[in-house]
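upload_35.cif (mmCIF, C-alpha atoms) appears below.
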```
data_target
#
loop_
_atom_site.label_atom_id
_atom_site.label_comp_id
_atom_site.auth_asym_id
_atom_site.auth_seq_id
_atom_site.Cartn_x
_atom_site.Cartn_y
_atom_site.Cartn_z
CA MET B 1 121.72 3.05 -32.53
CA LYS B 2 124.29 2.80 -29.77
CA TYR B 3 125.98 -0.29 -31.23
CA LEU B 4 125.85 1.02 -34.77
CA HIS B 5 127.67 4.17 -33.73
CA GLN B 6 130.28 2.25 -31.77
CA CYS B 7 130.95 -0.06 -34.73
CA LEU B 8 131.21 2.93 -37.00
CA ILE B 9 133.95 4.55 -34.89
CA ILE B 10 135.98 1.34 -34.58
CA LEU B 11 135.68 0.56 -38.30
CA ALA B 12 136.58 4.14 -39.23
CA VAL B 13 139.83 3.88 -37.24
CA SER B 14 140.57 0.45 -38.77
CA LEU B 15 140.07 1.95 -42.22
CA LEU B 16 142.34 4.90 -41.46
CA GLY B 17 144.99 2.44 -40.25
CA GLU B 18 144.79 0.56 -43.54
CA LEU B 19 145.03 3.80 -45.48
CA LEU B 20 148.20 4.76 -43.59
CA HIS B 21 149.61 1.32 -44.33
CA ALA B 22 148.96 1.85 -48.02
CA LEU B 23 150.39 5.36 -48.08
CA LEU B 24 153.49 5.08 -45.86
CA PRO B 25 156.47 3.02 -47.05
CA LEU B 26 157.05 1.32 -43.65
CA PRO B 27 156.66 -2.41 -42.85
CA VAL B 28 153.94 -1.61 -40.29
CA PRO B 29 150.52 -3.29 -40.68
CA GLY B 30 147.27 -1.35 -40.68
CA SER B 31 146.15 -2.79 -37.35
CA ILE B 32 149.23 -1.35 -35.59
CA TYR B 33 148.60 2.10 -37.09
CA GLY B 34 145.02 1.55 -35.92
CA ILE B 35 146.04 1.00 -32.27
CA VAL B 36 148.15 4.17 -32.35
CA LEU B 37 145.36 6.20 -34.02
CA MET B 38 142.71 4.95 -31.60
CA PHE B 39 144.99 5.69 -28.67
CA LEU B 40 145.61 9.24 -29.93
CA ALA B 41 141.87 9.75 -30.50
CA LEU B 42 141.16 8.69 -26.90
CA GLU B 43 144.03 10.71 -25.44
CA LEU B 44 143.05 13.86 -27.38
CA LYS B 45 139.39 13.32 -26.35
CA ILE B 46 138.25 13.07 -29.97
CA VAL B 47 136.69 9.74 -28.98
CA ARG B 48 135.47 9.00 -25.43
CA VAL B 49 135.87 5.50 -24.01
CA ARG B 50 132.13 5.27 -23.36
CA ALA B 51 131.49 5.92 -27.06
CA ILE B 52 133.04 2.53 -27.93
CA LYS B 53 132.77 0.68 -24.62
CA GLU B 54 130.36 -2.17 -25.38
CA VAL B 55 131.58 -3.06 -28.86
CA SER B 56 135.28 -2.83 -27.93
CA GLY B 57 134.56 -4.95 -24.86
CA PHE B 58 132.90 -7.57 -27.06
CA LEU B 59 135.75 -7.60 -29.60
CA LEU B 60 138.42 -7.91 -26.89
CA ASP B 61 136.42 -10.69 -25.27
CA ILE B 62 136.41 -12.80 -28.47
CA LEU B 63 140.01 -11.85 -29.45
CA PRO B 64 141.53 -15.34 -28.86
CA LEU B 65 138.79 -16.91 -31.00
CA LEU B 66 139.79 -14.69 -33.93
CA PHE B 67 143.18 -16.45 -34.16
CA LEU B 68 141.51 -19.84 -34.58
CA PRO B 69 141.22 -19.83 -38.41
CA SER B 70 144.97 -19.20 -38.83
CA GLY B 71 145.66 -21.87 -36.22
CA VAL B 72 143.58 -24.39 -38.13
CA GLY B 73 145.57 -23.33 -41.21
CA LEU B 74 148.43 -25.42 -39.79
CA MET B 75 146.72 -28.45 -41.33
CA ASP B 76 147.53 -27.11 -44.81
CA LYS B 77 151.19 -26.39 -43.97
CA TRP B 78 151.96 -29.84 -42.60
CA ASP B 79 154.09 -30.85 -45.61
CA VAL B 80 156.43 -27.86 -45.26
CA PHE B 81 156.56 -28.18 -41.50
CA ARG B 82 157.29 -31.91 -41.15
CA PRO B 83 160.97 -31.96 -42.21
CA VAL B 84 161.97 -29.24 -39.72
CA TRP B 85 159.52 -29.74 -36.89
CA LEU B 86 161.97 -30.73 -34.14
CA PRO B 87 164.55 -27.89 -34.29
CA PHE B 88 161.67 -25.57 -35.08
CA LEU B 89 159.72 -26.47 -31.94
CA VAL B 90 162.80 -26.45 -29.70
CA ILE B 91 163.84 -22.99 -30.90
CA VAL B 92 160.36 -21.51 -30.63
CA LEU B 93 159.55 -22.94 -27.19
CA VAL B 94 162.91 -22.32 -25.48
CA SER B 95 163.37 -18.88 -26.98
CA THR B 96 159.81 -17.81 -26.05
CA PHE B 97 160.34 -18.85 -22.44
CA LEU B 98 163.69 -16.99 -22.25
CA VAL B 99 162.20 -13.84 -23.82
CA MET B 100 159.42 -13.80 -21.23
CA ALA B 101 161.93 -14.26 -18.41
CA ALA B 102 164.27 -11.53 -19.70
CA ALA B 103 161.59 -8.93 -20.48
CA GLY B 104 159.73 -9.56 -17.22
CA HIS B 105 162.79 -9.55 -14.97
CA VAL B 106 164.37 -6.44 -16.47
CA SER B 107 161.20 -4.39 -16.11
CA GLN B 108 160.48 -5.83 -12.66
CA ALA B 109 164.00 -4.93 -11.48
CA VAL B 110 163.66 -1.34 -12.72
CA ILE B 111 160.18 -0.99 -11.16
CA ARG B 112 161.47 -2.23 -7.78
CA ARG B 113 164.50 0.04 -7.88
CA SER B 114 162.41 3.14 -8.51
CA GLU B 115 159.96 2.06 -5.78
CA ARG B 116 162.82 1.78 -3.28
CA ARG B 117 164.09 5.19 -4.28
CA ARG B 118 160.65 6.74 -3.84
CA GLN B 119 159.95 5.25 -0.42
CA PRO B 120 162.43 7.15 1.87
CA HIS B 121 160.73 10.43 1.00
CA GLU B 122 157.32 9.24 2.07
CA MET E 1 130.97 -34.31 -46.56
CA ASN E 2 133.14 -31.67 -48.21
CA GLU E 3 130.55 -31.11 -50.92
CA LEU E 4 127.76 -30.85 -48.41
CA PHE E 5 129.48 -27.94 -46.65
CA GLN E 6 131.23 -26.43 -49.66
CA ASN E 7 128.59 -23.79 -50.15
CA SER E 8 127.91 -23.14 -46.49
CA LEU E 9 128.99 -19.83 -45.04
CA PHE E 10 128.14 -20.88 -41.52
CA PHE E 11 129.92 -24.19 -41.18
CA GLY E 12 133.39 -22.68 -40.49
CA VAL E 13 132.15 -20.14 -37.97
CA PHE E 14 129.93 -22.73 -36.30
CA LEU E 15 132.82 -25.19 -35.95
CA SER E 16 135.03 -22.40 -34.56
CA LEU E 17 132.53 -21.12 -32.00
CA GLY E 18 131.48 -24.64 -31.05
CA THR E 19 134.98 -26.01 -30.41
CA TYR E 20 136.03 -22.78 -28.68
CA SER E 21 133.04 -22.90 -26.31
CA LEU E 22 133.83 -26.52 -25.59
CA GLY E 23 137.41 -25.48 -24.79
CA ARG E 24 136.16 -22.80 -22.39
CA TRP E 25 133.87 -25.31 -20.71
CA MET E 26 136.73 -27.82 -20.32
CA GLN E 27 138.96 -25.12 -18.84
CA LYS E 28 136.33 -24.17 -16.28
CA LYS E 29 135.60 -27.75 -15.40
CA TRP E 30 139.17 -29.04 -15.03
CA LYS E 31 141.15 -25.86 -14.34
CA LEU E 32 144.18 -27.20 -16.17
CA GLY E 33 146.50 -25.02 -18.29
CA LEU E 34 146.51 -27.64 -21.02
CA PHE E 35 142.78 -27.14 -21.62
CA ASN E 36 143.40 -23.72 -23.11
CA PRO E 37 140.34 -22.81 -25.24
CA LEU E 38 142.46 -21.74 -28.22
CA LEU E 39 144.57 -24.92 -28.18
CA VAL E 40 141.54 -27.17 -27.64
CA SER E 41 139.63 -25.52 -30.49
CA VAL E 42 142.58 -25.66 -32.94
CA VAL E 43 143.18 -29.36 -32.22
CA LEU E 44 139.48 -30.31 -32.27
CA SER E 45 138.73 -28.31 -35.43
CA ILE E 46 141.63 -29.91 -37.32
CA ALA E 47 140.64 -33.37 -36.06
CA ILE E 48 137.01 -32.90 -37.11
CA LEU E 49 137.98 -31.53 -40.55
CA LEU E 50 140.36 -34.45 -41.18
CA LEU E 51 137.86 -37.00 -39.89
CA LEU E 52 135.03 -35.72 -42.08
CA ARG E 53 137.45 -35.15 -45.02
CA ILE E 54 136.59 -31.47 -45.27
CA ASP E 55 139.17 -29.16 -46.91
CA TYR E 56 140.65 -26.18 -45.13
CA ALA E 57 139.31 -24.01 -47.97
CA THR E 58 135.76 -25.13 -47.20
CA TYR E 59 136.22 -24.33 -43.52
CA GLN E 60 137.87 -21.01 -44.32
CA GLN E 61 134.89 -19.93 -46.44
CA GLY E 62 132.98 -19.25 -43.26
CA ALA E 63 135.85 -18.84 -40.82
CA GLN E 64 137.37 -15.97 -42.82
CA TYR E 65 134.74 -13.71 -41.28
CA LEU E 66 136.46 -14.21 -37.94
CA ASN E 67 139.69 -13.03 -39.60
CA TYR E 68 137.80 -10.01 -40.80
CA LEU E 69 137.20 -8.94 -37.19
CA LEU E 70 140.89 -9.19 -36.28
CA THR E 71 141.89 -5.66 -37.29
CA PRO E 72 138.98 -3.90 -35.51
CA ALA E 73 139.63 -6.06 -32.42
CA THR E 74 143.35 -5.21 -32.48
CA VAL E 75 142.48 -1.53 -32.75
CA CYS E 76 140.43 -1.91 -29.54
CA LEU E 77 143.60 -2.86 -27.63
CA ALA E 78 144.06 0.92 -27.48
CA VAL E 79 141.27 1.07 -24.87
CA PRO E 80 143.05 -0.78 -22.01
CA LEU E 81 146.22 1.03 -23.08
CA TYR E 82 144.49 4.40 -22.70
CA GLU E 83 142.91 3.49 -19.37
CA LYS E 84 146.32 2.57 -17.91
CA PHE E 85 148.33 5.34 -19.54
CA GLU E 86 149.12 7.18 -16.29
CA LEU E 87 150.65 4.04 -14.83
CA LEU E 88 152.50 3.52 -18.07
CA LYS E 89 154.02 7.01 -18.14
CA LYS E 90 155.18 6.67 -14.54
CA ASN E 91 157.03 3.46 -15.42
CA ALA E 92 158.07 4.27 -18.97
CA LEU E 93 161.75 3.43 -18.41
CA ALA E 94 161.04 0.05 -16.79
CA ILE E 95 158.63 -0.89 -19.59
CA LEU E 96 160.89 0.21 -22.45
CA LEU E 97 163.99 -1.47 -20.99
CA GLY E 98 161.99 -4.67 -20.43
CA ILE E 99 160.73 -4.74 -24.01
CA ALA E 100 164.20 -3.98 -25.39
CA ALA E 101 165.77 -6.75 -23.27
CA GLY E 102 163.09 -9.21 -24.44
CA THR E 103 163.46 -8.32 -28.12
CA LEU E 104 167.24 -8.63 -27.94
CA THR E 105 166.92 -12.00 -26.15
CA CYS E 106 164.62 -13.21 -28.91
CA LEU E 107 167.04 -12.27 -31.70
CA ILE E 108 170.08 -13.68 -29.86
CA THR E 109 168.48 -16.99 -28.87
CA VAL E 110 167.09 -17.63 -32.35
CA ALA E 111 170.51 -16.87 -33.90
CA LEU E 112 172.26 -19.12 -31.37
CA PHE E 113 169.88 -22.05 -31.85
CA ALA E 114 169.86 -21.67 -35.62
CA TRP E 115 173.64 -21.93 -35.54
CA LEU E 116 173.53 -24.92 -33.15
CA PHE E 117 171.03 -26.80 -35.34
CA ARG E 118 172.93 -25.70 -38.49
CA LEU E 119 169.83 -24.20 -40.10
CA ASP E 120 170.40 -22.42 -43.40
CA HIS E 121 169.96 -18.67 -43.76
CA ALA E 122 166.43 -18.86 -45.17
CA MET E 123 165.20 -21.05 -42.29
CA TYR E 124 166.97 -18.81 -39.75
CA VAL E 125 165.29 -15.60 -40.96
CA THR E 126 161.99 -17.50 -41.19
CA ILE E 127 161.98 -18.02 -37.42
CA LEU E 128 163.55 -14.66 -36.46
CA PRO E 129 160.25 -12.67 -36.31
CA LYS E 130 158.48 -15.35 -34.20
CA SER E 131 157.65 -13.09 -31.24
CA ILE E 132 155.94 -10.27 -33.12
CA THR E 133 152.45 -9.87 -34.51
CA THR E 134 151.74 -11.86 -37.71
CA ALA E 135 151.20 -8.90 -40.00
CA ILE E 136 154.61 -7.35 -39.23
CA GLY E 137 156.32 -10.74 -39.02
CA ILE E 138 155.30 -11.90 -42.49
CA GLY E 139 156.45 -8.67 -44.12
CA LEU E 140 159.76 -8.84 -42.28
CA ALA E 141 160.42 -12.51 -43.16
CA GLU E 142 159.64 -11.82 -46.80
CA GLU E 143 162.02 -8.88 -46.91
CA MET E 144 164.84 -11.00 -45.43
CA GLY E 145 164.20 -13.94 -47.76
CA GLY E 146 162.48 -16.41 -45.41
CA TYR E 147 159.60 -18.85 -45.97
CA THR E 148 156.59 -16.75 -44.99
CA SER E 149 154.18 -19.69 -44.62
CA LEU E 150 156.51 -21.17 -41.98
CA THR E 151 156.92 -17.78 -40.31
CA VAL E 152 153.17 -17.85 -39.71
CA VAL E 153 153.57 -21.27 -38.09
CA ALA E 154 156.39 -20.01 -35.84
CA ILE E 155 154.39 -16.94 -34.80
CA LEU E 156 151.30 -19.07 -34.11
CA ILE E 157 153.11 -21.66 -32.02
CA THR E 158 154.81 -18.87 -30.08
CA GLY E 159 151.50 -17.14 -29.42
CA ILE E 160 149.61 -20.28 -28.46
CA THR E 161 152.49 -21.25 -26.14
CA GLY E 162 152.12 -17.87 -24.47
CA ASN E 163 148.35 -18.16 -24.31
CA ILE E 164 148.64 -21.56 -22.59
CA SER E 165 151.60 -21.06 -20.31
CA ALA E 166 151.95 -17.31 -19.61
CA GLU E 167 150.63 -17.46 -16.07
CA ALA E 168 152.61 -20.56 -15.09
CA ALA E 169 155.78 -19.25 -16.76
CA CYS E 170 155.59 -15.97 -14.84
CA ARG E 171 155.15 -17.90 -11.61
CA ILE E 172 158.08 -20.24 -12.32
CA VAL E 173 160.54 -17.43 -13.10
CA ARG E 174 159.08 -15.32 -10.26
CA ILE E 175 157.74 -12.35 -12.18
CA THR E 176 155.13 -11.07 -9.73
CA SER E 177 154.58 -7.43 -10.71
CA PRO E 178 151.46 -7.18 -12.92
CA MET E 179 153.21 -4.58 -15.07
CA ALA E 180 156.29 -6.76 -15.63
CA ARG E 181 154.01 -9.73 -16.38
CA GLY E 182 152.28 -7.74 -19.09
CA VAL E 183 155.60 -6.65 -20.60
CA ALA E 184 156.87 -10.24 -20.56
CA ILE E 185 153.77 -11.70 -22.19
CA GLY E 186 153.35 -9.02 -24.88
CA THR E 187 157.04 -8.92 -25.82
CA ALA E 188 157.38 -12.70 -26.07
CA THR E 189 154.00 -13.78 -27.42
CA HIS E 190 152.33 -10.80 -29.19
CA ALA E 191 148.53 -10.56 -29.60
CA ILE E 192 147.68 -14.22 -28.92
CA GLY E 193 149.47 -14.05 -25.56
CA THR E 194 147.93 -10.62 -24.93
CA ALA E 195 144.48 -12.17 -25.19
CA ARG E 196 145.45 -14.23 -22.12
CA ALA E 197 147.07 -11.22 -20.38
CA LEU E 198 143.75 -9.35 -20.69
CA GLU E 199 142.11 -12.17 -18.74
CA MET E 200 144.79 -11.99 -16.03
CA GLY E 201 144.10 -8.32 -15.31
CA GLU E 202 143.70 -4.81 -16.71
CA THR E 203 147.30 -3.80 -16.02
CA GLU E 204 148.69 -7.00 -17.55
CA GLY E 205 146.50 -6.46 -20.63
CA ALA E 206 147.47 -2.82 -21.10
CA MET E 207 151.22 -3.45 -20.77
CA SER E 208 150.98 -6.46 -23.04
CA SER E 209 149.16 -4.40 -25.71
CA LEU E 210 151.83 -1.72 -25.60
CA SER E 211 154.57 -4.35 -25.81
CA ILE E 212 153.15 -5.74 -29.07
CA VAL E 213 153.58 -2.37 -30.75
CA VAL E 214 157.01 -1.51 -29.33
CA ALA E 215 158.48 -5.03 -29.67
CA GLY E 216 157.19 -5.20 -33.25
CA LEU E 217 158.99 -2.00 -34.22
CA LEU E 218 162.21 -2.86 -32.33
CA THR E 219 162.29 -6.29 -33.99
CA VAL E 220 162.03 -4.75 -37.46
CA ILE E 221 165.07 -2.60 -36.68
CA GLY E 222 167.06 -5.34 -34.91
CA ALA E 223 166.30 -8.20 -37.30
CA ASN E 224 167.81 -6.40 -40.27
CA PHE E 225 171.14 -6.41 -38.41
CA PHE E 226 170.78 -9.96 -37.05
CA ALA E 227 169.87 -11.35 -40.48
CA HIS E 228 173.49 -10.81 -41.58
CA LEU E 229 174.92 -12.97 -38.80
CA LEU E 230 174.11 -16.37 -40.31
#
```

Just dump the structure as structure tokens.
Amino acid sequence: MKYLHQCLIILAVSLLGELLHALLPLPVPGSIYGIVLMFLALELKIVRVRAIKEVSGFLLDILPLLFLPSGVGLMDKWDVFRPVWLPFLVIVLVSTFLVMAAAGHVSQAVIRRSERRRQPHE
Amino acid sequence: MNELFQNSLFFGVFLSLGTYSLGRWMQKKWKLGLFNPLLVSVVLSIAILLLLRIDYATYQQGAQYLNYLLTPATVCLAVPLYEKFELLKKNALAILLGIAAGTLTCLITVALFAWLFRLDHAMYVTILPKSITTAIGIGLAEEMGGYTSLTVVAILITGITGNISAEAACRIVRITSPMARGVAIGTATHAIGTARALEMGETEGAMSSLSIVVAGLLTVIGANFFAHLL
């Protein structure tokens, strides 16, 4: 019964997320509402981590695999993709690398600054 | 071959699990970034489908059940987020500024390159949501008048790039703090990159999960302004 109950909680939150998506006029998908709802449920102790531990661990473990079907879907989009593939790839690859560098360095710089400020008091 | 599998619910899932396991095995054996299980399984699955002349629709008949699990799995990203929330609160400013800087960089670089390559408006707004999660990205591209099927491609390539190269990229640009690594990976490469961040460590995974949500919302706000530039 343990797994059944864990699945039930996770599916209930997923369903609530989809309901919010249907009801609210914002361009936010159900899964994002779901993360927020699940987080609130954990934070407000409505749901304990141990009540979903095994099933959530399993789902997070197979998360990359779940993107595979959309990845394989590339084979059906080849005709649309072919005429623009070069600029497309350059933009996506270079921009992704720069975004990682910018986001990482800005937050790292702020973390280090606050660490330096904290240290003299210790 | 297509007809043989046309009525099979298990073929798509079997092919997915099989090629993914093979990818994991290759990664363990050769310890090379290129043998990323997701990349290996996408390439092998497509190759096998083309070789056996099996349609995507036939494959998808079974594989759609993996899609079905995507929302519940995404919801579970709240667990690492919750477990690291204290750390997150203590560094809220650093995390938010990092995500904002990343989102802005994304919008600026895409606009700049689109102008350089003389892409038309529709193609430009197609690529603009590339760093956010598919579900938000598609809606956004549609609203701005882009080609949604290509937006999916851009988001996928971005995510797979992150999944393959996140660790190496962080090393090359010297991002050493686990928190900053998580912010970088989640902001740039959404859920597919986050799957890799979770493997790097709990802190990386939690920060990356948070970044998906925040970067997604910031991009929706920012893109509507950036869409008018080109």

Interface residues on chain B facing chain E, 7 Å, only C-alpha atoms, written as a short mmCIF file (atom, residue, chain, number, x, y, z; two decimals) with C-alpha atoms, in the frame of the given file:
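Writing done, so here's iface_30.cif:
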```cif
data_model
loop_
_atom_site.label_atom_id
_atom_site.label_comp_id
_atom_site.auth_asym_id
_atom_site.auth_seq_id
_atom_site.Cartn_x
_atom_site.Cartn_y
_atom_site.Cartn_z
CA ILE B 10 135.98 1.34 -34.58
CA LEU B 11 135.68 0.56 -38.30
CA SER B 14 140.57 0.45 -38.77
CA PRO B 27 156.66 -2.41 -42.85
CA VAL B 28 153.94 -1.61 -40.29
CA PRO B 29 150.52 -3.29 -40.68
CA SER B 31 146.15 -2.79 -37.35
CA ILE B 32 149.23 -1.35 -35.59
CA GLY B 34 145.02 1.55 -35.92
CA ILE B 35 146.04 1.00 -32.27
CA MET B 38 142.71 4.95 -31.60
CA PHE B 39 144.99 5.69 -28.67
CA LEU B 42 141.16 8.69 -26.90
CA GLU B 43 144.03 10.71 -25.44
CA SER B 56 135.28 -2.83 -27.93
CA LEU B 59 135.75 -7.60 -29.60
CA LEU B 60 138.42 -7.91 -26.89
CA LEU B 63 140.01 -11.85 -29.45
CA PRO B 64 141.53 -15.34 -28.86
CA LEU B 65 138.79 -16.91 -31.00
CA LEU B 66 139.79 -14.69 -33.93
CA LEU B 68 141.51 -19.84 -34.58
CA PRO B 69 141.22 -19.83 -38.41
CA GLY B 71 145.66 -21.87 -36.22
CA VAL B 72 143.58 -24.39 -38.13
CA GLY B 73 145.57 -23.33 -41.21
CA LEU B 74 148.43 -25.42 -39.79
CA MET B 75 146.72 -28.45 -41.33
CA ASP B 76 147.53 -27.11 -44.81
CA PRO B 87 164.55 -27.89 -34.29
CA ILE B 91 163.84 -22.99 -30.90
CA VAL B 92 160.36 -21.51 -30.63
CA LEU B 93 159.55 -22.94 -27.19
CA SER B 95 163.37 -18.88 -26.98
CA THR B 96 159.81 -17.81 -26.05
CA VAL B 99 162.20 -13.84 -23.82
CA MET B 100 159.42 -13.80 -21.23
CA ALA B 101 161.93 -14.26 -18.41
CA ALA B 102 164.27 -11.53 -19.70
CA ALA B 103 161.59 -8.93 -20.48
CA GLY B 104 159.73 -9.56 -17.22
CA HIS B 105 162.79 -9.55 -14.97
CA VAL B 106 164.37 -6.44 -16.47
CA SER B 107 161.20 -4.39 -16.11
CA GLN B 108 160.48 -5.83 -12.66
CA VAL B 110 163.66 -1.34 -12.72
CA ILE B 111 160.18 -0.99 -11.16
#
```

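The two atoms in question, atom CA of Gly30 of chain B and atom CA of Ile132 of chain E, are spaced 14.6 Å apart.
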
Next item on the list: Identify all residues satisfying the PyMOL selection byres ((chain E and resi 6) around 10) in the given file; provide them as a list in words.
Entry: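 This file gives the following for the PyMOL selection byres ((chain E and resi 6) around 10): Met1, Asn2, Glu3, Leu4, Phe5, Asn7, Ser8, Leu9, Phe11, Ile54, Asp55, Ala57, Thr58, Tyr59, Gln61 and Gly62 of chain E.
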
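Straight-line separation from atom CA of Gly222 of chain E to atom CA of Ser208 of chain E: 20.0 Å.
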
Note to self: Under the rule that all atoms listed in the file are counted, which of B:Tyr3, B:Asp79, B:Arg116, B:Leu24 is the nearest residue to Arg50 of chain B?
What the structure shows: B:Tyr3

Next item on the list: Record the distance separating atom CA of Ala122 of chain E and atom CA of Leu98 of chain B, expressed in Å with one decimal.
Entry: 23.2 Å

Starting from 6 Å padding per side, set up an axis-aligned box that covers all listed atoms of segment 144-158 of chain E and hand over centre and edge lengths in Å, one decimal, as AutoDock Vina command-line options.
```
--center_x 158.1 --center_y -16.3 --center_z -38.9 --size_x 25.5 --size_y 22.7 --size_z 29.7
```
